[in-house]
Amino acid sequence: MEAFFASLVSVAFHGAALGMILYVISVGLSVTMGLMGFANLAHGVFAMAGGYVLTTAISRFGVPFPLALVLAFAFVAAASVILERLLYSRLYTASDLEQVLFTIGLIFISVAVARFIYGTLQQPVVLPDYLKGQFSLLGRDFPTYRVFIIVFSAVMVALLWFGVERTRWGAMVRATVDNRAMAQSVGINTKRLFTLTFALGSGLAGLGGGLGADIIAIQPTYPFENLVYFLVVVSVGGLGSLRGPFVAALLIGIADTACKYWLPQYGAFPIYVATIGLLLWRPAGLFGRHA
Amino acid sequence: MSAHAGGYSADPRIRGIEFLPWIVAMAAFFLLPEYLSLGARILIYILYALSLDLIVGYAGIITLGHSAYFGLGAYVAGILAAKAGISDPMLQLVAAAAAGALLGISTGAIILRTRALTLLMLTLAITSVLLEIANKATTLTGGADGLSGVVVAPVLGLFKFDMFGKTAYLYCLLVLLLGWWLVRKLIYSPFGTSLTGVRENSLRMHAIGAPVYWRLVLVYTLSATIAGVAGGLITQTNQFVGLNVLSFESAGELLVMLILGGVGRIYGAFVGPVVYLIAQDLLAKQFPEYWYFGIGTMLVLVVMFARGGILGILDGVLVKLRRKP
Amino acid sequence: MKTAAILFALACATQAGAQTIKVGSVLTLSGPNATLGENMDRAIKLYMKLNQDKLPPGVKVEVITRDDGGPNPDKAKQLSQELIVRDKIQFLTGMTWTPNAMSSAPLATEAKIPMVIMNAGTSVITTMSPYIVRVSFTLWQSSLPMGTWAAKKFKTAYVAVSDFGPGHDAEAAFTKGFTDAGGKVVGNVRIPLANPDFIPFMQRAKDAKPEAVFAFVPAGKQATAIMKAYGELGLDKAGVKFIGPGDITTDEELPNMGDVPLGVLTVFHYSAAATRPANKAFIAAWKKEYGENATPSFMSVGAWDGMDAIYYAIREQKGKVDPDRSMELLRNYKNPNSPRGPISIDPETRDIVQNEYLREVRRVDGKLANVELETVQTAVKDPWKIINKKK
């Protein structure tokens, strides 16, 4: 019984770490899709880019870890602004199919570029010494880095929620998600809002990618391999919502870890079946807005 | 978006130019005997692309999970051959078709109640489920090692499937002919017209009392059946089934092929795979990295500037030529 | 005029000199596992560069390389087929992965093309075609002796393998060796080949409280990932030893694993740190060609010896290669001086026979290396075939 409880704690812990990473990466996608109605399947590219920035900064340039995290965010956010102004904005009125195709094209391009620059090996992640090793809590040992992930992500999430609930920018985002036409009529500069929010969402993805580089390996095929996970978080959570994907991400992280632990012979099968069930029960996601 | 061939105003008689693909195919058979296995693959992908065009181009359903039906057909044919000892190619194909149809109607009925992202996600999830099953059920499917020992008896007892691919090529050509004829009949029928209605304005369709949901399910099932047949064909020509038949990357590639040729027009599904697979054969071996870069860039460019694909560009050129006195 | 041209062409063709023998090589040169194929390709090219004198006069060898992108049996089969039909190769080689070798095997039989397997390690492969000869290794060769040896030091073990052919082989082989010698396997798990996350699986291993964890995953990035998981979960501190076939500590991947692998024990047929003269020469040539920081892996040695075998067959036939005669020569191939020690092919099974060494990961000259401690068994034939013949 003790052993079972211990495994339960371990599964919950590792699952939470995975879930937090998934959330930090995917929340930007949820907001973008809800806000701009744009199916950005290439969201994983931003996470991957953040991962590459982080690992390159640390390995090649000896940048300290905290600064590298900031760089991951800033660099990806800046790059996303350029992409948004140049390419994405032209396709806001395009059909769903065109948006899907466009983003798949982006994925192909970024996979090739990543392979060209970095080769095909996964990036080694060198953690600073103070984040390595084990952390003792209530008589059990937890890997320090995973504890850090959970704490840091929780802080980021809190900041984000605060930002959306309490600031003017947040109010504008919520208004535009609810009713874009109306928001425009009351004078909200939706174009600038889109760019800003897109940058924020992508920057967060980059941050998540860098933070989670230890769990979700950074390699050129990243956007393909993890697309399903990000999409599941967003669709199960509900587009345009913040809390939905949070619950979804945690659920998925824990369920995935639990299934791999207790039912390894089934692989990820239970997750997908659960996703199908959930989506059929609540097509707009657990916390979705549009029925 | 693109010129949708067929529909209410189109003349269903076969135009002269429609004989062209078949003439080219037969010419290739005689002139390029060393490339027949590539040729067979192109033919199979044309059939597969046709099935996808039915739902993406004509019915307007966006899916990334079409490989579920292709893969199921492939594995059913393979398992029948390797595990159940059924080596008759016709039986294998019929089984593949039936499997595609069954999965098509059961999944279609469920997921077509949803739209957009939810629908897309469900298609992805279904394919993932099948991938996991194929991966884990190693006694049936061979798992990651793939399914060897697929025995395909000679067609009509006479024509053996050998490594030179002659039989495979003609066999696939015949099946493609059948599939093309079916699709064409469908598109030029009143049912095909109603699909256009559903795609363009489903609200109106509801308003005039046309049952949208069941039309979608029907075309989806048909499309899944054809995809299943294509899957069976690939097992028969390769005499092998690997997990790749269910992969997302191949579903993405199929979408690229279709877009390249031109969505929503039957011959887009012909042009796309031909151009893509030949280009891949020539270029990808030397420069695999640049290949993906090229494909990605092409996709982006097509979406932004040439939404009708190659046939769309050709159409534009033809229009310009006709204007000249 | 036309007759003269035809006669001229005939004369050229039948001339004993000016002959090019085409060898097709299907490897993984792109995708997440590209380093595996690259290491093989480098060995092939280096061998060809340094051994031009080993060919009969006037005979050249041309290697046509194709990229299978990873364990993609469909693609590998298609590539092999094109090499045979279009490029008219006379030998087929490469084969980084078991699934790829298995899918291409029927082609070797149908076209009568000798297939020299340079890597894929599942035992059953050589039975799939009479034209297959393997120069690399089998999982049974390394994992069975590992099991037998481990039972002397550990009472209990947990077995974690990747869920595909080689993994199943490693699991069966180790379990047999270990339990036959008195050990007890307290649990096992099969990890999916694609996208594995090793933490939950290593957690299971830790919870079973074995004295050792025997693991097999494909060499390369997966080996690094499972090593990291082992370290992150504190298994070494909990007193659980990490053992396995040499795939989990391959020489070229060790630098990426940090300090975690120190003390890991493996049984394998090749280590880049081996001190025999043939290996020292091999390493020196490698570093000279590819840079001081480059290290060959066991896959490089497999490719190197594979080329040696092919050259042997060509040489003995003086450039006029006949498939059945080639097979005859290949199945009797011997090389007492390979970088991995003495090797030969078992004429009955067409599979490799070689020594297996026990190694420990230690720090040598500031870098981690697989130090060979002792020879666990000499001239090991593939145990699986021996066991299955007895049935």
# chains A, B, ... in the order shown; residues from 1 in each chain; ligands from 1
$ closest_atom_pairs --of "chain A" --to "chain B" --cutoff "6 Å" --atoms "only C-alpha atoms" --output "Markdown table"
| residue | atom | partner | partner_atom | distance |
| --- | --- | --- | --- | --- |
| A:Glu98 | CA | B:Val303 | CA | 6.0 |
| A:Phe102 | CA | B:Val300 | CA | 5.1 |
| A:Gly105 | CA | B:Gly296 | CA | 3.9 |
| A:Leu106 | CA | B:Gly296 | CA | 5.9 |
| A:Phe108 | CA | B:Gly296 | CA | 4.6 |
| A:Ile109 | CA | B:Phe293 | CA | 4.5 |
| A:Ala112 | CA | B:Phe293 | CA | 5.2 |
| A:Phe269 | CA | B:Val129 | CA | 5.6 |
| A:Tyr272 | CA | B:Ala125 | CA | 5.4 |
$ write_last_selection --atoms "N, CA, C and O atoms" --output "short mmCIF file (atom, residue, chain, number, x, y, z; two decimals), in the first residue's frame"
data_model
loop_
_atom_site.label_atom_id
_atom_site.label_comp_id
_atom_site.auth_asym_id
_atom_site.auth_seq_id
_atom_site.Cartn_x
_atom_site.Cartn_y
_atom_site.Cartn_z
N GLU A 98 -6.90 26.58 -46.16
CA GLU A 98 -5.70 27.33 -46.52
C GLU A 98 -4.83 27.60 -45.31
O GLU A 98 -3.61 27.52 -45.37
N PHE A 102 -1.09 26.31 -44.96
CA PHE A 102 -0.02 27.28 -44.76
C PHE A 102 0.84 26.89 -43.56
O PHE A 102 2.07 26.88 -43.63
N GLY A 105 2.99 24.00 -44.19
CA GLY A 105 4.14 24.43 -44.97
C GLY A 105 5.21 25.04 -44.07
O GLY A 105 6.40 24.75 -44.20
N LEU A 106 4.76 25.85 -43.11
CA LEU A 106 5.71 26.45 -42.17
C LEU A 106 6.45 25.38 -41.38
O LEU A 106 7.65 25.48 -41.13
N PHE A 108 7.11 22.30 -42.31
CA PHE A 108 8.11 21.69 -43.19
C PHE A 108 9.35 22.55 -43.30
O PHE A 108 10.48 22.07 -43.21
N ILE A 109 9.13 23.84 -43.52
CA ILE A 109 10.27 24.75 -43.68
C ILE A 109 11.12 24.76 -42.41
O ILE A 109 12.35 24.65 -42.46
N ALA A 112 13.20 21.67 -41.87
CA ALA A 112 14.38 21.63 -42.73
C ALA A 112 15.45 22.59 -42.24
O ALA A 112 16.64 22.26 -42.19
N PHE A 269 -2.53 4.77 -26.13
CA PHE A 269 -3.89 4.41 -26.56
C PHE A 269 -4.97 4.99 -25.66
O PHE A 269 -5.91 5.63 -26.13
N TYR A 272 -5.67 8.79 -26.25
CA TYR A 272 -6.40 9.14 -27.45
C TYR A 272 -7.87 8.78 -27.33
O TYR A 272 -8.75 9.54 -27.73
#
$ interface_residues --of "chain A" --to "chain C" --cutoff "8 Å" --atoms "only C-alpha atoms" --output "PyMOL selection string"
chain A and resi 3+7+11+120-122+124+133-134+142-143+215+219-221+225+257-258+260-261+264-265+267
$ select_by_dssp --residues "region 73-109 of chain B" --states "helix (DSSP H, G or I)" --output "MDAnalysis selection string"
chainID B and resid 73:82 89:109
$ write_last_selection --atoms "C-alpha atoms" --output "PDB file, in the first residue's frame"
ATOM      1  CA  GLY B  73      -7.005  -1.213 -45.658  1.00  0.00           C
ATOM      2  CA  ALA B  74      -3.287  -1.884 -45.929  1.00  0.00           C
ATOM      3  CA  TYR B  75      -3.148  -3.887 -42.718  1.00  0.00           C
ATOM      4  CA  VAL B  76      -6.343  -5.818 -43.376  1.00  0.00           C
ATOM      5  CA  ALA B  77      -5.042  -6.936 -46.756  1.00  0.00           C
ATOM      6  CA  GLY B  78      -1.665  -7.729 -45.233  1.00  0.00           C
ATOM      7  CA  ILE B  79      -2.999  -9.662 -42.262  1.00  0.00           C
ATOM      8  CA  LEU B  80      -5.327 -11.690 -44.465  1.00  0.00           C
ATOM      9  CA  ALA B  81      -2.394 -12.586 -46.668  1.00  0.00           C
ATOM     10  CA  ALA B  82       0.253 -13.189 -44.036  1.00  0.00           C
ATOM     11  CA  PRO B  89      -5.682 -10.446 -54.625  1.00  0.00           C
ATOM     12  CA  MET B  90      -9.338  -9.734 -55.362  1.00  0.00           C
ATOM     13  CA  LEU B  91     -10.429 -11.052 -51.993  1.00  0.00           C
ATOM     14  CA  GLN B  92      -7.755  -9.004 -50.268  1.00  0.00           C
ATOM     15  CA  LEU B  93      -8.913  -5.850 -52.004  1.00  0.00           C
ATOM     16  CA  VAL B  94     -12.539  -6.492 -51.211  1.00  0.00           C
ATOM     17  CA  ALA B  95     -11.636  -6.986 -47.576  1.00  0.00           C
ATOM     18  CA  ALA B  96      -9.612  -3.771 -47.572  1.00  0.00           C
ATOM     19  CA  ALA B  97     -12.533  -1.905 -49.103  1.00  0.00           C
ATOM     20  CA  ALA B  98     -14.963  -3.353 -46.596  1.00  0.00           C
ATOM     21  CA  ALA B  99     -12.709  -2.439 -43.695  1.00  0.00           C
ATOM     22  CA  GLY B 100     -12.381   1.119 -44.996  1.00  0.00           C
ATOM     23  CA  ALA B 101     -16.126   1.372 -45.393  1.00  0.00           C
ATOM     24  CA  LEU B 102     -16.872   0.053 -41.918  1.00  0.00           C
ATOM     25  CA  LEU B 103     -14.410   2.339 -40.196  1.00  0.00           C
ATOM     26  CA  GLY B 104     -15.495   5.193 -42.425  1.00  0.00           C
ATOM     27  CA  ILE B 105     -19.138   4.983 -41.583  1.00  0.00           C
ATOM     28  CA  SER B 106     -18.630   4.385 -37.895  1.00  0.00           C
ATOM     29  CA  THR B 107     -16.136   7.201 -37.410  1.00  0.00           C
ATOM     30  CA  GLY B 108     -17.843   9.472 -39.887  1.00  0.00           C
ATOM     31  CA  ALA B 109     -21.192   9.186 -38.180  1.00  0.00           C
TER      32      ALA B 109
END
$ interface_residues --of "chain C" --to "chain B" --cutoff "6 Å" --atoms "only C-alpha atoms" --output "list in words"
Pro73, Asp74, Arg86, Pro99 and Phe164 of chain C
$ residues_around --residues "Glu328 (chain C)" --least-positions-apart "4" --cutoff "10 Å" --atoms "only C-alpha atoms" --output "ChimeraX atom specification"
/C:131,313,322-324,332-333,347,350
$ atom_distance --atom1 "CA of Lys60 (chain C)" --atom2 "CA of Asp308 (chain C)"
14.2 Å
$ residues_around --residues "region 76-81 of chain A" --least-positions-apart "5" --cutoff "7 Å" --atoms "only C-alpha atoms" --output "number ranges by chain"
A: 46, 49-50, 195, 199-200, 202-203, 206
$ select_by_dssp --residues "region 37-274 of chain C" --states "strand (DSSP E)" --output "number ranges by chain"
C: 59-67, 91-94, 115-117, 132-134, 156-162, 184-191, 212-216, 241-245, 265-268
